[in-house]
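K.L.:
I have a structure I would like to understand better, so I am pasting it below and will then ask my questions one at a time.
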Amino acid sequence: MTFAAPVETKSIRFRARSFVAFTLTPETPLSEWLESLDRWIGNSPGYFAGRPVVLNLNTLKPAVSQIEALVAELGLRGIRIYAIELNGNTALDANLPPVLIGAKEATAGLLMQADQKAAGRPEEAGRAEEGRAEPGKQSEDRQPEDRLPDAPATLMVKSPIRSGQSIFHAHGDVIVLGSVASGSEIVAAGSIHVYGTLRGRASAGVLGHSAARIFCRKNEAELLSVDGWYCTAEEMEPALRGKAVQAFLEKDTLRIAPFS
């Protein structure tokens, strides 16, 4: 008499993860918004290449047919839409990106907390090995004063940034001790400090930090941007080229001023 042993099947594990994505929010008139987007792409070629982009349509509120046309227009510009943010119960066709529900604006603090949880703090790793800790109970071999300090939020780049390189730091400020070549870019949630010549593109406060600033010892930048407000090399005053400057927002206007 023979019998077949039961086949063991592995259960599928589902996990939730958070990712940082850039958001595009079209406005009316759409033709002018697309022209503005074309100018941005012209000044920063390849800026959206490989970046996850969410299309926020809560301001525009287009019909489904208009959404299809808009996604196609953005695709022609090399912008791949990963999801669509749209309130209500609008049903989209299967050929369109999925609708994103409950999205929240990213902040540097939340991103740091998420990274710390993903990486695993030393004290969290200890608890995982020993099991769940009882409330109010301290580990016998670790005192409160032994707690390791939090990691700094500033990214320091000690070498020059070459053409074609891209630095993205979602946790705070970026400090570059050297120069930033033409064709490169720095994207930071906080402020950007360049102690050499800035010839590439610098975008500060990209996660909604309007108090962020850009400082550079010598301004030859292709583009300066703070919290989405930007100025290209062609739009800058000639007197500010080759000088030490700072860029900051003042009443929803990007100002570029000498800095000494």
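The way I read the labels, and the way they are meant: chains A, B, ... in the order of the structure tokens, residue 1 as the first residue of every chain, and ligand 1 as the first ligand shown, with later ones counted on from there.
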For A:Arg213, please output as a PDB file with N, CA, C and O atoms, in the first residue's frame all residues within 8 Å (counting only C-alpha atoms; exclusion window: fewer than 4 positions along the same chain).
P.N.:
ATOM      1  N   GLY A 190      16.443  69.456   1.712  1.00  0.00           N
ATOM      2  CA  GLY A 190      16.808  70.659   2.457  1.00  0.00           C
ATOM      3  C   GLY A 190      17.553  71.650   1.588  1.00  0.00           C
ATOM      4  O   GLY A 190      17.283  71.792   0.404  1.00  0.00           O
ATOM      5  N   SER A 191      18.544  72.315   2.183  1.00  0.00           N
ATOM      6  CA  SER A 191      19.324  73.318   1.472  1.00  0.00           C
ATOM      7  C   SER A 191      20.521  72.676   0.775  1.00  0.00           C
ATOM      8  O   SER A 191      20.895  71.540   1.073  1.00  0.00           O
ATOM      9  N   ILE A 192      21.120  73.419  -0.143  1.00  0.00           N
ATOM     10  CA  ILE A 192      22.278  72.945  -0.894  1.00  0.00           C
ATOM     11  C   ILE A 192      23.404  73.963  -0.725  1.00  0.00           C
ATOM     12  O   ILE A 192      23.195  75.170  -0.911  1.00  0.00           O
ATOM     13  N   ALA A 204      16.604  72.600  -4.464  1.00  0.00           N
ATOM     14  CA  ALA A 204      16.502  72.466  -3.006  1.00  0.00           C
ATOM     15  C   ALA A 204      15.041  72.475  -2.584  1.00  0.00           C
ATOM     16  O   ALA A 204      14.175  72.967  -3.297  1.00  0.00           O
ATOM     17  N   GLY A 205      14.787  71.923  -1.393  1.00  0.00           N
ATOM     18  CA  GLY A 205      13.426  71.928  -0.850  1.00  0.00           C
ATOM     19  C   GLY A 205      12.422  71.187  -1.708  1.00  0.00           C
ATOM     20  O   GLY A 205      11.250  71.573  -1.770  1.00  0.00           O
ATOM     21  N   VAL A 226      14.007  76.204  -5.901  1.00  0.00           N
ATOM     22  CA  VAL A 226      13.671  76.027  -4.489  1.00  0.00           C
ATOM     23  C   VAL A 226      12.174  75.751  -4.390  1.00  0.00           C
ATOM     24  O   VAL A 226      11.358  76.574  -4.828  1.00  0.00           O
ATOM     25  N   GLN A 246      23.171  83.363  -3.188  1.00  0.00           N
ATOM     26  CA  GLN A 246      22.239  82.492  -2.501  1.00  0.00           C
ATOM     27  C   GLN A 246      20.887  82.622  -3.185  1.00  0.00           C
ATOM     28  O   GLN A 246      20.520  83.688  -3.673  1.00  0.00           O
ATOM     29  N   ALA A 247      20.156  81.534  -3.254  1.00  0.00           N
ATOM     30  CA  ALA A 247      18.823  81.518  -3.853  1.00  0.00           C
ATOM     31  C   ALA A 247      17.826  81.095  -2.781  1.00  0.00           C
ATOM     32  O   ALA A 247      18.050  80.123  -2.060  1.00  0.00           O
ATOM     33  N   PHE A 248      16.721  81.822  -2.692  1.00  0.00           N
ATOM     34  CA  PHE A 248      15.731  81.540  -1.657  1.00  0.00           C
ATOM     35  C   PHE A 248      14.372  82.063  -2.108  1.00  0.00           C
ATOM     36  O   PHE A 248      14.271  82.866  -3.061  1.00  0.00           O
ATOM     37  N   LEU A 249      13.318  81.602  -1.435  1.00  0.00           N
ATOM     38  CA  LEU A 249      11.965  82.038  -1.755  1.00  0.00           C
ATOM     39  C   LEU A 249      11.572  83.215  -0.876  1.00  0.00           C
ATOM     40  O   LEU A 249      11.845  83.239   0.329  1.00  0.00           O
TER      41      LEU A 249
END
K.L.:
At what distance in Å, to one decimal, does atom CA of A:Val157 lie from atom CA of A:Ile79?
P.N.:
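It comes out at 28.6 Å.
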K.L.:
May I ask which of the residues A:Ile41, A:Val206, A:Leu76, A:Ile84 is the closest one to A:Val53, counting only C-alpha atoms?
P.N.:
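Using only C-alpha atoms, A:Val53 sits closest to A:Ile84.
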K.L.:
Pick out the closest residue to A:Pro62 from this set: A:Ser36, A:Pro26, A:Phe48, A:Gly75. Count only C-alpha atoms.
P.N.:
A:Pro26
K.L.:
For A:Ile256, work out the shell of residues within 12 Å, counting only C-alpha atoms and skipping chain neighbours fewer than 4 positions away, then give it as an MDAnalysis selection string.
P.N.:
chainID A and resid 213:216 219 221 223:226 229:233 235:241 243:250
K.L.:
Just give me the gap between atom CA of A:Gly164 and atom CA of A:Asp227 in Å, one decimal is fine.
P.N.:
22.7 Å
K.L.:
When you look at A:Ile81 with a cut-off of 8 Å (counting only C-alpha atoms), what residues show up, excluding the ones that are within fewer than 6 positions of it in the same chain? I need them as a list in words.
P.N.:
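In the requested form, the answer reads Pro52, Val53, Val54, Leu55, Val71, Leu74, Gly75 and Pro97 of chain A.
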K.L.:
The selected residues should be written to file as a short mmCIF file (atom, residue, chain, number, x, y, z; two decimals), in the first residue's frame (atoms: C-alpha atoms).
P.N.:
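The resulting part.cif:
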data_model
loop_
_atom_site.label_atom_id
_atom_site.label_comp_id
_atom_site.auth_asym_id
_atom_site.auth_seq_id
_atom_site.Cartn_x
_atom_site.Cartn_y
_atom_site.Cartn_z
CA PRO A 52 8.76 57.70 -10.47
CA VAL A 53 6.19 60.41 -11.26
CA VAL A 54 2.67 60.70 -9.87
CA LEU A 55 0.12 62.71 -11.86
CA VAL A 71 -0.62 60.55 -20.15
CA LEU A 74 3.76 63.17 -21.05
CA GLY A 75 5.01 59.86 -22.44
CA PRO A 97 -1.78 53.89 -14.45
#
K.L.:
Work out how far apart atom CA of A:Leu96 and atom CA of A:Asn56 are and give it in Å to one decimal.
P.N.:
13.8 Å
K.L.:
At a cut-off of 6 Å, using only C-alpha atoms, what residues contact A:Tyr195? Leave out same-chain residues fewer than 6 positions from it and give the result as a list of chain:residue names.
P.N.:
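Residues meeting the cut-off are A:Leu177, A:Gly178, A:Cys216, A:Arg217.
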K.L.:
Measuring atom to atom with only C-alpha atoms, identify which of A:Gly242, A:Glu220, A:Ser203, A:Asn58 is nearest to A:Leu254.
P.N.:
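Under the stated criterion, the closest residue is A:Ser203.
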K.L.:
Within stretch 17-80 of chain A, find each residue whose DSSP state, derived from the backbone, is helix (DSSP H, G or I), and express the selection as a ChimeraX atom specification.
P.N.:
/A:30-43,64-76
K.L.:
Could you write those residues out with C-alpha atoms, as a tab-separated table (two decimals), in the first residue's frame?
P.N.:
chain	number	residue	atom	x	y	z
A	30	LEU	CA	-3.34	72.94	-20.10
A	31	SER	CA	-1.55	74.14	-23.24
A	32	GLU	CA	0.33	76.80	-21.26
A	33	TRP	CA	1.16	74.29	-18.53
A	34	LEU	CA	2.64	71.94	-21.13
A	35	GLU	CA	4.66	74.79	-22.64
A	36	SER	CA	6.07	75.56	-19.18
A	37	LEU	CA	6.90	71.88	-18.73
A	38	ASP	CA	8.66	71.87	-22.12
A	39	ARG	CA	10.81	74.81	-21.03
A	40	TRP	CA	11.76	72.94	-17.86
A	41	ILE	CA	12.68	69.82	-19.82
A	42	GLY	CA	14.64	71.92	-22.29
A	43	ASN	CA	16.69	73.41	-19.47
A	64	VAL	CA	-11.21	60.00	-18.72
A	65	SER	CA	-10.53	60.67	-22.41
A	66	GLN	CA	-8.50	63.75	-21.45
A	67	ILE	CA	-6.50	61.70	-18.94
A	68	GLU	CA	-5.52	59.25	-21.67
A	69	ALA	CA	-4.43	62.09	-23.94
A	70	LEU	CA	-2.43	63.77	-21.15
A	71	VAL	CA	-0.62	60.55	-20.15
A	72	ALA	CA	0.26	60.06	-23.82
A	73	GLU	CA	1.55	63.65	-24.09
A	74	LEU	CA	3.76	63.17	-21.05
A	75	GLY	CA	5.01	59.86	-22.44
A	76	LEU	CA	6.18	61.65	-25.58
K.L.:
Restricting the calculation to only C-alpha atoms: of A:His171, A:Gly196, A:Ala181, A:Arg51, which residue gets closest to A:Lys158?
P.N.:
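Smallest separation from A:Lys158 among the options: A:Gly196.
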